[in-house]
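Undergrad: Right, I'll just put the structure down here and ask away after.
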Amino acid sequence: MGVKKYSIVLAAVVMASLTEAFPQSDTTAYAAESSMRDMTTMEIVDDMGIGINLGNTFESSGDWIDQWGDGTPNAYETAWGSPTVTEELIKGYASEGFDTLRVPVAWSNMMPKDNSYTISEKYMARVKQVVDWALDADLYVIVNLHWDGGWLEKLPEDHDNVLKKYSTIWEQVSDSFKEYGDKLIFESQNEELGWNTVWNQWSGSTNGKAESFGYVNEVNQKFVDIVRKSGGNNDKRHLLISGYNTSIDLTCDSLFKMPDDPAGRCAVSVHYYTPSTFTILTEDADWGKSAYTWGNQAELNELAQQMDMMKKSFVDKGIPVIIGEYGSTKDNKDPESVRLYMKSVCEAALSRGGMCPVMWDVTDLHYDRKTYKMKDETLHKALLELKEKYVKKSEQTVVSKGDINNDGKTDVADLVTLQQFILGKSELKNSEAADVCEDKVIDIYDIVALRKLLISTPK
């Protein structure tokens with residue numbers, strides 16, 4: 001790596017400007033991880049290990065929150081039962097052995113009613129704070145556009161307006177996170193890509209099927225196009241493409257198409273709640289009888305068949321899979337069956353390679369958001385044993401852009417270190433991190449770029 005040393009006068013001028021821009025009271029700003037490793041999406045997904053959802057938190061929505069809340073992000077964050085998220089709560093996920101945190105988001109919360117589809121600055125800042133905590137805990141983070149009140153359901157009859165809202169939201173999210181590194185992954189949607197008003201999969205008819213799949217493919221392509229042109233690290237960010245209603249059967253249908261991606265960095269997302277009579281129903285309904293137990297041979301075979309289908313349709317073709325949600329209610333269920341179900345789905349994914357299982361969790365289900373521990377230690381131990389058996393973590397280390405003194409954060413101290421090096425007064429501990437411009441040369445332009453990075457980083 002070449003080095004250009006500029007005049008002491010020029011460096012002194014830059015240093016003076018830095019002192020003015022960053023007073024002594026503000027020298028601990030943490031710059032979000034901003035490096036992109038030379039890893040394929042398949043390698044990334046294998047490295048993502050086992051995951052968990054921060055469910056019923058930032059994706060909470062409802063008119064009643066608007067009417068009765070205090071108008072702050074916290075009103076939404078806690079509306080569906082979650083306590084206010086703390087850094088300790090997020091660190092707890094990592095301490096309990098999880099490698100990935102999925103953060104579902106309803107971006108319409110606190111959005112003005114003027115059809116500009118402008119995301120609330122306060123809501124964005126709060127989501128970013130939690131994302132930063134997770135990245136600081138060395139977790140992978142998946143940020144999505146969740147159900148969000150269901151406005152995407154109107155796409156077939158109000159196509160242009162709905163697609164405009166979708167596009168505007170992702171333009172803003174992409175821009176806000178564009179400097180973040182490859183441990184942050186965007187997910188195009190949740191379970192809403194698929195329209196029963198166009199094609200009802202239970203009808204036995206194929207009328208409208210191609211049209212509904214066409215909408216799914218269109219939205220996913222729009223997502224990729226928006227992210228790729230948004231600048232920063234987004235031209236090579238790893239992206240998660242929502243399957244058709246995140247159904248394995250429908251996502252493996254030949255009508256579902258992965259979007260064209262110039263970076264070739266996409267994984268596909270499906271969910272696993274099969275059979276729903278066990279995982280969702282807590283009492284009998286008109287469409288099914290609630291099951292108290294799970295784990296007979298037919299049910300185990302069904303799980304294997306579904307996972308094999310994903311492996312054949314995607315993993316074997318070089319497209320990794322993230323099971324963005326899997327899980328079961330514990331209400332009116334046999335505890336041993338719940339443990340077996342959670343363990344079996346996790347193992348079915350990990351054992352096939354190229355798949356990352358992310359359990360669905362809400363307050364007081366599996367992870368205790370007050371003690372920061374898993375509630376069921378038997379299940380916890382089983383999951384960690386599966387991780388130990390199947391997950392081989394990447395040996396690639398992430399070089400934090402700007403963390404020149406190797407203290408785990410990027411702040412004014414790194415600017416001072418870089419200036420001292422350019423003045424010839426010190427050596428560098430981390431020359432790769434000092435090349436902020438990524439032009440193979442360490443010079444005055446890296447000081448300017450590092451200053452810009454700190455100014456743009458949330459405090």
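Order determines the names: the first chain of the structure tokens is A, the second B, and so forth; residues in each chain are numbered 1 upward, and ligands are numbered 1 upward as they are shown.
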Neighbouring residues of region 302-305 of chain A were defined as those with any atom within 8 Å, considering only C-alpha atoms; residues of the same chain fewer than 3 positions away were excluded. Please report them as a list of chain:residue names.
TA: A:Thr274, A:Ala298, A:Glu299, A:Asp308, A:Met309, A:Val345, A:Ala348
Undergrad: Near Ser230 (chain A), within 8 Å and counting only C-alpha atoms, which residues show up once chain neighbours fewer than 5 positions away are dropped, as a list in words?
TA: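 Result of the neighbour search: Glu171, Ser174, Asp175, Lys178 and Asp235 of chain A.
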Undergrad: Can you pull out the residues contacting Lys392 (chain A)? Cut-off 10 Å, using only C-alpha atoms, and skip same-chain residues under 5 positions away; I want them as a PDB file with C-alpha atoms, in the first residue's frame.
TA:
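Listed below is the output, selection36.pdb:
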```pdb
ATOM      1  CA  ASP A  46     -23.369 -20.058   6.556  1.00  0.00           C
ATOM      2  CA  ASP A  47     -21.656 -17.573   8.880  1.00  0.00           C
ATOM      3  CA  MET A  48     -25.015 -16.280  10.176  1.00  0.00           C
ATOM      4  CA  GLY A  49     -25.395 -19.364  12.369  1.00  0.00           C
ATOM      5  CA  LYS A 387     -24.661 -24.631  16.399  1.00  0.00           C
TER       6      LYS A 387
END
```
Undergrad: Could you pull the residues within 9 Å of Ala263 (chain A), counting only C-alpha atoms, minus those fewer than 6 positions along the same chain, as number ranges by chain?
TA: A: 228, 235-238
Undergrad: If I take CA of Asp138 (chain A) and CA of Thr100 (chain A), how far is one from the other in Å, to one decimal?
TA: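 Computing it gives 8.8 Å between the two atoms.
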Undergrad: Closest to Ala125 (chain A) among A:Leu101, A:Pro112, A:Ser176, A:Ile169, using only C-alpha atoms?
TA: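 Among A:Leu101, A:Pro112, A:Ser176, A:Ile169, it is A:Ser176 that comes nearest to Ala125 (chain A).
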Undergrad: Using only C-alpha atoms for the distances, tell me which of A:Asp132, A:Asp411, A:Glu157, A:Glu43 is nearest to Met355 (chain A).
TA: A:Glu43
Undergrad: Of the candidates A:Gly150, A:Gly324, A:Pro259, A:Gly402, which shows the shortest atom-to-atom distance to Gly62 (chain A), using only C-alpha atoms?
TA: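 Result for the nearest residue to Gly62 (chain A): A:Gly150.
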Undergrad: Can you tell me, as a ChimeraX atom specification, which residues in region 208-335 of chain A count as strand (DSSP E) by DSSP?
TA: /A:239-242,266-272,321-326
Undergrad: For Ser344 (chain A), list every protein, DNA or RNA residue within 12 Å, evaluated using only C-alpha atoms, and leave out those in the same chain fewer than 6 positions away; present the list as a list in words.
TA: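 My reading of the contact set: Tyr272, Thr274, Trp294, Gly295, Asn296, Glu299, Leu300, Asn301, Glu302, Leu303, Ala304, Met307, Tyr326, Gly327, Glu336, Ser337, Val338, Leu350, Ser351, Pro357, Met359, Leu379, Ala382, Leu383 and Leu386 of chain A.
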Undergrad: Fewer than 4 positions away in the same chain doesn't count, so skip those; otherwise give me all residues within 6 Å of Ile142 (chain A), counting only C-alpha atoms, as number ranges by chain.
TA: A: 102-103, 185-186
Undergrad: Would you export the selected residues with N, CA and C atoms as a PDB file, in the first residue's frame, please?
TA:
```
ATOM      1  N   ARG A 102     -33.051 -10.599  13.500  1.00  0.00           N
ATOM      2  CA  ARG A 102     -33.945 -10.043  12.487  1.00  0.00           C
ATOM      3  C   ARG A 102     -34.811  -8.978  13.154  1.00  0.00           C
ATOM      4  N   VAL A 103     -34.839  -7.801  12.538  1.00  0.00           N
ATOM      5  CA  VAL A 103     -35.576  -6.662  13.093  1.00  0.00           C
ATOM      6  C   VAL A 103     -36.709  -6.297  12.137  1.00  0.00           C
ATOM      7  N   ILE A 185     -28.167  -6.733   6.536  1.00  0.00           N
ATOM      8  CA  ILE A 185     -28.834  -7.290   5.357  1.00  0.00           C
ATOM      9  C   ILE A 185     -30.228  -6.692   5.246  1.00  0.00           C
ATOM     10  N   PHE A 186     -30.607  -6.301   4.045  1.00  0.00           N
ATOM     11  CA  PHE A 186     -31.965  -5.813   3.794  1.00  0.00           C
ATOM     12  C   PHE A 186     -32.838  -6.965   3.299  1.00  0.00           C
TER      13      PHE A 186
END
```
Undergrad: For CA of Asp364 (chain A) and CA of Gly55 (chain A), quote the distance in Å rounded to one decimal.
TA: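 Value for the CA of Asp364 (chain A)-CA of Gly55 (chain A) distance: 10.8 Å.
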Undergrad: Could you write out, as a PyMOL selection string, all the residues of region 61-135 of chain A that DSSP marks as helix (DSSP H, G or I)?
TA: chain A and resi 63-68+73-77+87-95+121-135
Undergrad: Create the file for the chosen residues now, containing C-alpha atoms and written as a compact mmCIF listing (two decimals), in the first residue's frame.
TA:
```txt
# COMPACT_ATOMS: atom_id res chain seq x y z
CA ASP A 63 -54.69 3.30 14.49
CA TRP A 64 -55.19 2.97 18.24
CA ILE A 65 -51.47 3.58 18.78
CA ASP A 66 -51.77 6.81 16.80
CA GLN A 67 -54.79 7.86 18.85
CA TRP A 68 -53.73 6.83 22.36
CA PRO A 73 -41.31 5.80 18.74
CA ASN A 74 -41.54 4.19 22.17
CA ALA A 75 -45.34 4.17 21.95
CA TYR A 76 -45.10 1.82 18.98
CA GLU A 77 -42.11 -0.12 20.26
CA GLU A 87 -28.51 -2.24 24.72
CA GLU A 88 -28.31 -4.89 27.43
CA LEU A 89 -31.31 -6.66 25.92
CA ILE A 90 -29.60 -6.75 22.52
CA LYS A 91 -26.27 -7.88 23.96
CA GLY A 92 -28.18 -10.68 25.66
CA TYR A 93 -28.99 -12.26 22.30
CA ALA A 94 -25.29 -12.52 21.52
CA SER A 95 -24.48 -13.76 25.02
CA GLU A 121 -36.68 10.91 11.45
CA LYS A 122 -37.30 9.90 15.07
CA TYR A 123 -38.48 6.43 14.10
CA MET A 124 -35.54 5.93 11.77
CA ALA A 125 -33.12 7.10 14.46
CA ARG A 126 -34.56 4.66 16.99
CA VAL A 127 -34.34 1.70 14.60
CA LYS A 128 -30.78 2.67 13.72
CA GLN A 129 -29.86 2.85 17.39
CA VAL A 130 -30.99 -0.73 17.94
CA VAL A 131 -29.28 -1.88 14.73
CA ASP A 132 -26.06 -0.22 15.91
CA TRP A 133 -26.31 -2.00 19.26
CA ALA A 134 -26.73 -5.32 17.48
CA LEU A 135 -23.79 -4.72 15.15
```
Undergrad: When you count only C-alpha atoms, which of these residues is closest to Asp99 (chain A): A:Val362, A:Leu239, A:Val198, A:Leu139?
TA: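 Of A:Val362, A:Leu239, A:Val198, A:Leu139, the one nearest Asp99 (chain A), counting only C-alpha atoms, is A:Leu139.
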